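Structure first, then comments.
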Protein chains: 2
Amino acid sequence: MSLNISFIGAGNLATHLAKALYEKGFFISQVYSRSTSSAKLLANYLNASYTSKLSELVDSADIYFVALKDSVLNEVLSQINFHNQLIVHCSGSLPLSVLKNYSENTGVFYPLQTFSKQRRIEFASIPVFIEANSATNEEKLLKIAQQLSGSVTVLSSEKRKKIHISAVFASNFVNHFYTISAELLKSEGIPFEVLKPLIEETAQKIQEVRPGKAQTGPAVRFDENIISSHLAALEDKGNYKMIYKLISESIFEYHKNN
Amino acid sequence: MSLNISFIGAGNLATHLAKALYEKGFFISQVYSRSTSSAKLLANYLNASYTSKLSELVDSADIYFVALKDSVLNEVLSQINFHNQLIVHCSGSLPLSVLKNYSENTGVFYPLQTFSKQRRIEFASIPVFIEANSATNEEKLLKIAQQLSGSVTVLSSEKRKKIHISAVFASNFVNHFYTISAELLKSEGIPFEVLKPLIEETAQKIQEVRPGKAQTGPAVRFDENIISSHLAALEDKGNYKMIYKLISESIFEYHKNN
């Protein structure tokens, strides 16, 4: 398959996806980013051309992968004249339908992972969720996705949004709790390093045991002595007390009913 | 050092600690638990005797490790006649002083990890925090701890409580978010498996990057479109909407100020 692929966006997700495609032998002709340096950095790796001007976008690509922040997607796409090539966005929360004004061929390619430029990630283990406006386009995206990942699923926009919400809890919100715990330790002069084995084991455990069953700690049994002693010791910085209370109650409620 | 050690408690923490001691050649003479089957199971592994009656507790031990729920510790210890042997509790939140009525020799041995009976854990990488009522007892506990772990620190009761609170955020609360994400997926018929690579990468990332810097997702930039679309899609089960809102605001506040 000698597809000509173009990337609109050169952020974390675009970088990981474009590199994974390139390493599987796909031809990427051009990278667009508002930031010339980001476009150039990624394009150089891919042996592609680059631009920071939408007017210089090549119109010869068969597929445009759009990996932009949700909030700017419409603004960017409305400035481009597509000729019904396949346009694919990579957003968890935006429905497929946001693309319908721009082309007769549209799709979604959503890799469920947290991407940072400095981290190397094995794309093969990332679940990819696909959606398209026709069987032909779905087939095209499936073929591409299956070359990158061992876990590819066709999924509706609505269900994809639910996956995105669950990912916000399991990754963004989890990481914020790592941040809060680091802040609490910092105020006592204790290095964050002491929590690393615990964080690793907590994440490893649910690879084997379902998380509802893996729960430990004072909130499961609603140990009021510990909970109130912790609340008293927490400064009321950043709503930490309120968060502690709400999550403890939620843990207790869940385990009372399950 | 041929110490005679006795365990009061045979739960998750007691099991892991007693086995680690036994594997390093320590002599454990007896295991007490209210549950005969738990006491027997652990004692058999340790080649120790066991009992579920406090009246049958051996008084020949040099050290008693007390690994009980905080809420029952006083009730159990007040039924025992100690002869000023070294009594050591393993609680993150209880101060050393809770032991002072029971012996002139007291200490704390707090391993910072989440323990489940079915998970094998390398004790060598677990940070252990020590406290004691005298230099001699501190020295005794340090020597024991250093044989089990490469990370041993003497720490006050007050600072240990702060570590425990940060561990509640980084482990118990984190695991509850794994539980919520599993519930959200279950209601859509999507297997929890799809989140496992994301959960693993989120935990791995902060082994290298500090968590404040690793944060991604809609809340950092307070993307109101995504946040309100997520809130609308969340059923109001288990306070999930309120949790989503509070944590998103906390993330935004933190990243505005840091």
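Residue numbering restarts at 1 in every chain; chains get A, B, ... in the order shown in the structure tokens, and ligands count up from 1 in that same order.
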Fewer than 4 positions away in the same chain doesn't count, so skip those; otherwise give me all residues within 7 Å of range 136-148 of chain B, counting only C-alpha atoms, as a list in words.
->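 That gives Ala20, Asn105, Phe123, Ala124, Val128, Ile130, Glu131, Ala132 and Val152 of chain B.
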Among range 31-217 of chain A, which residues carry a DSSP assignment of alpha helix (DSSP H), reported as a ChimeraX atom specification?
-> /A:36-46,70-77,135-148,157-167,174-186,196-205,211-214
Which polymer residues have any atom within 8 Å of an atom of Ser166 in chain A, counting only C-alpha atoms, with same-chain residues fewer than 6 positions away left out, as a compact mmCIF listing (two decimals) with N, CA, C and O atoms, in the first residue's frame?
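Okay, this is what ended up in out.txt:
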# COMPACT_ATOMS: atom_id res chain seq x y z
N ILE B 180 -13.19 3.40 39.48
CA ILE B 180 -14.20 4.22 38.79
C ILE B 180 -14.07 4.03 37.28
O ILE B 180 -15.07 3.86 36.57
N SER B 181 -12.84 4.05 36.77
CA SER B 181 -12.68 3.91 35.32
C SER B 181 -13.16 2.53 34.86
O SER B 181 -13.79 2.41 33.80
N ALA B 182 -12.91 1.51 35.67
CA ALA B 182 -13.41 0.17 35.33
C ALA B 182 -14.94 0.15 35.31
O ALA B 182 -15.55 -0.47 34.43
N LEU B 184 -16.94 2.72 34.68
CA LEU B 184 -17.41 3.48 33.50
C LEU B 184 -17.33 2.61 32.24
O LEU B 184 -18.23 2.62 31.40
N LEU B 185 -16.25 1.86 32.12
CA LEU B 185 -16.10 0.99 30.94
C LEU B 185 -17.11 -0.14 30.97
O LEU B 185 -17.67 -0.51 29.94
Please produce, as CSV, a per-residue contact table for range 107-218 of chain B versus range 237-251 of chain B (criterion: any atom at most 10 Å away, only C-alpha atoms considered), showing the nearest atom pair and its distance in Å to one decimal, sorted by chain then residue number.
residue,atom,partner,partner_atom,distance
B:Phe177,CA,B:Ile243,CA,9.9
B:Ile180,CA,B:Tyr240,CA,8.0
B:Leu184,CA,B:Tyr240,CA,9.8
B:Gly212,CA,B:Ile251,CA,9.4
B:Gln215,CA,B:Ile251,CA,8.6
B:Thr216,CA,B:Ile251,CA,9.9
B:Gly217,CA,B:Ser248,CA,9.7
B:Pro218,CA,B:Ser248,CA,8.2
Output C-alpha atoms of each residue in that selection to a file, as a PDB file, in the first residue's frame.
ATOM      1  CA  PHE B 177      -9.849   5.971  40.274  1.00  0.00           C
ATOM      2  CA  ILE B 180     -14.202   4.219  38.787  1.00  0.00           C
ATOM      3  CA  LEU B 184     -17.406   3.475  33.500  1.00  0.00           C
ATOM      4  CA  GLY B 212       3.662  18.013  38.148  1.00  0.00           C
ATOM      5  CA  GLN B 215       0.407  16.101  33.724  1.00  0.00           C
ATOM      6  CA  THR B 216      -1.585  16.006  30.460  1.00  0.00           C
ATOM      7  CA  GLY B 217      -5.292  16.075  29.591  1.00  0.00           C
ATOM      8  CA  PRO B 218      -8.154  18.552  29.365  1.00  0.00           C
TER       9      PRO B 218
END
All residues 6 Å or closer to Ser29 in chain A, only C-alpha atoms, same chain fewer than 5 positions away omitted, as a ChimeraX atom specification | /A:5-6,48
Pick from A:Val220, A:Ala170, A:Ala18, A:Val31: nearest to Glu200 in chain B, with only C-alpha atoms counted?
-> A:Ala170
Contacts of Ser38 in chain A within 10 Å, only C-alpha atoms, excl. fewer than 4 positions in-chain, as a list of chain:residue names | A:Gly9, A:Ala10, A:Gly11, A:Thr15, A:Val31, A:Tyr32, A:Ser33, A:Arg34, A:Leu42, A:Ala43, A:Tyr50, A:Thr51, A:Ser52
Contact residues around Asn74 in chain B with only C-alpha atoms at 12 Å, ignoring same-chain residues under 5 positions, as a PyMOL selection string = chain B and resi 66-69+79-80+89+94+97-102
Those residues with N, CA, C and O atoms, as a PDB file, in the first residue's frame please?
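Final output, saved to selection18.pdb:
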ATOM      1  N   VAL B  66       3.627  -5.830  66.280  1.00  0.00           N
ATOM      2  CA  VAL B  66       2.179  -5.698  66.355  1.00  0.00           C
ATOM      3  C   VAL B  66       1.676  -5.145  65.018  1.00  0.00           C
ATOM      4  O   VAL B  66       1.903  -3.982  64.690  1.00  0.00           O
ATOM      5  N   ALA B  67       1.042  -6.019  64.239  1.00  0.00           N
ATOM      6  CA  ALA B  67       0.537  -5.598  62.930  1.00  0.00           C
ATOM      7  C   ALA B  67      -0.966  -5.817  62.912  1.00  0.00           C
ATOM      8  O   ALA B  67      -1.472  -6.777  62.344  1.00  0.00           O
ATOM      9  N   LEU B  68      -1.663  -4.888  63.588  1.00  0.00           N
ATOM     10  CA  LEU B  68      -3.113  -4.956  63.722  1.00  0.00           C
ATOM     11  C   LEU B  68      -3.719  -3.714  63.092  1.00  0.00           C
ATOM     12  O   LEU B  68      -3.035  -2.719  62.883  1.00  0.00           O
ATOM     13  N   LYS B  69      -5.019  -3.774  62.821  1.00  0.00           N
ATOM     14  CA  LYS B  69      -5.724  -2.553  62.431  1.00  0.00           C
ATOM     15  C   LYS B  69      -5.565  -1.542  63.554  1.00  0.00           C
ATOM     16  O   LYS B  69      -5.674  -1.891  64.739  1.00  0.00           O
ATOM     17  N   GLN B  79      -4.889  -6.359  76.842  1.00  0.00           N
ATOM     18  CA  GLN B  79      -5.162  -7.681  77.423  1.00  0.00           C
ATOM     19  C   GLN B  79      -3.896  -8.514  77.639  1.00  0.00           C
ATOM     20  O   GLN B  79      -3.972  -9.665  78.062  1.00  0.00           O
ATOM     21  N   ILE B  80      -2.730  -7.936  77.274  1.00  0.00           N
ATOM     22  CA  ILE B  80      -1.483  -8.710  77.361  1.00  0.00           C
ATOM     23  C   ILE B  80      -0.604  -8.159  78.483  1.00  0.00           C
ATOM     24  O   ILE B  80      -0.525  -6.941  78.679  1.00  0.00           O
ATOM     25  N   HIS B  89       5.021  -1.359  66.707  1.00  0.00           N
ATOM     26  CA  HIS B  89       3.851  -1.377  65.814  1.00  0.00           C
ATOM     27  C   HIS B  89       4.243  -0.978  64.393  1.00  0.00           C
ATOM     28  O   HIS B  89       5.345  -0.473  64.157  1.00  0.00           O
ATOM     29  N   LEU B  94      -0.505   5.893  63.546  1.00  0.00           N
ATOM     30  CA  LEU B  94      -0.443   5.935  65.004  1.00  0.00           C
ATOM     31  C   LEU B  94       0.924   6.415  65.473  1.00  0.00           C
ATOM     32  O   LEU B  94       1.958   5.966  64.976  1.00  0.00           O
ATOM     33  N   SER B  97       3.812   6.906  70.746  1.00  0.00           N
ATOM     34  CA  SER B  97       3.334   7.020  72.131  1.00  0.00           C
ATOM     35  C   SER B  97       2.164   6.099  72.479  1.00  0.00           C
ATOM     36  O   SER B  97       1.921   5.848  73.653  1.00  0.00           O
ATOM     37  N   VAL B  98       1.436   5.576  71.474  1.00  0.00           N
ATOM     38  CA  VAL B  98       0.316   4.678  71.817  1.00  0.00           C
ATOM     39  C   VAL B  98       0.800   3.418  72.532  1.00  0.00           C
ATOM     40  O   VAL B  98       0.010   2.706  73.142  1.00  0.00           O
ATOM     41  N   LEU B  99       2.121   3.135  72.443  1.00  0.00           N
ATOM     42  CA  LEU B  99       2.641   1.902  73.047  1.00  0.00           C
ATOM     43  C   LEU B  99       3.148   2.113  74.479  1.00  0.00           C
ATOM     44  O   LEU B  99       3.481   1.138  75.167  1.00  0.00           O
ATOM     45  N   LYS B 100       3.214   3.355  74.929  1.00  0.00           N
ATOM     46  CA  LYS B 100       3.953   3.634  76.164  1.00  0.00           C
ATOM     47  C   LYS B 100       3.353   3.011  77.429  1.00  0.00           C
ATOM     48  O   LYS B 100       4.065   2.764  78.397  1.00  0.00           O
ATOM     49  N   ASN B 101       2.045   2.702  77.392  1.00  0.00           N
ATOM     50  CA  ASN B 101       1.440   2.051  78.570  1.00  0.00           C
ATOM     51  C   ASN B 101       1.796   0.567  78.682  1.00  0.00           C
ATOM     52  O   ASN B 101       1.511  -0.051  79.704  1.00  0.00           O
ATOM     53  N   TYR B 102       2.351   0.006  77.638  1.00  0.00           N
ATOM     54  CA  TYR B 102       2.499  -1.453  77.606  1.00  0.00           C
ATOM     55  C   TYR B 102       3.924  -1.934  77.869  1.00  0.00           C
ATOM     56  O   TYR B 102       4.138  -3.102  78.163  1.00  0.00           O
TER      57      TYR B 102
END
Would you mind reading off the distance between CA of Leu96 in chain A and CA of Ser37 in chain A, one decimal, in Å?
->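 A separation of 29.8 Å between them.
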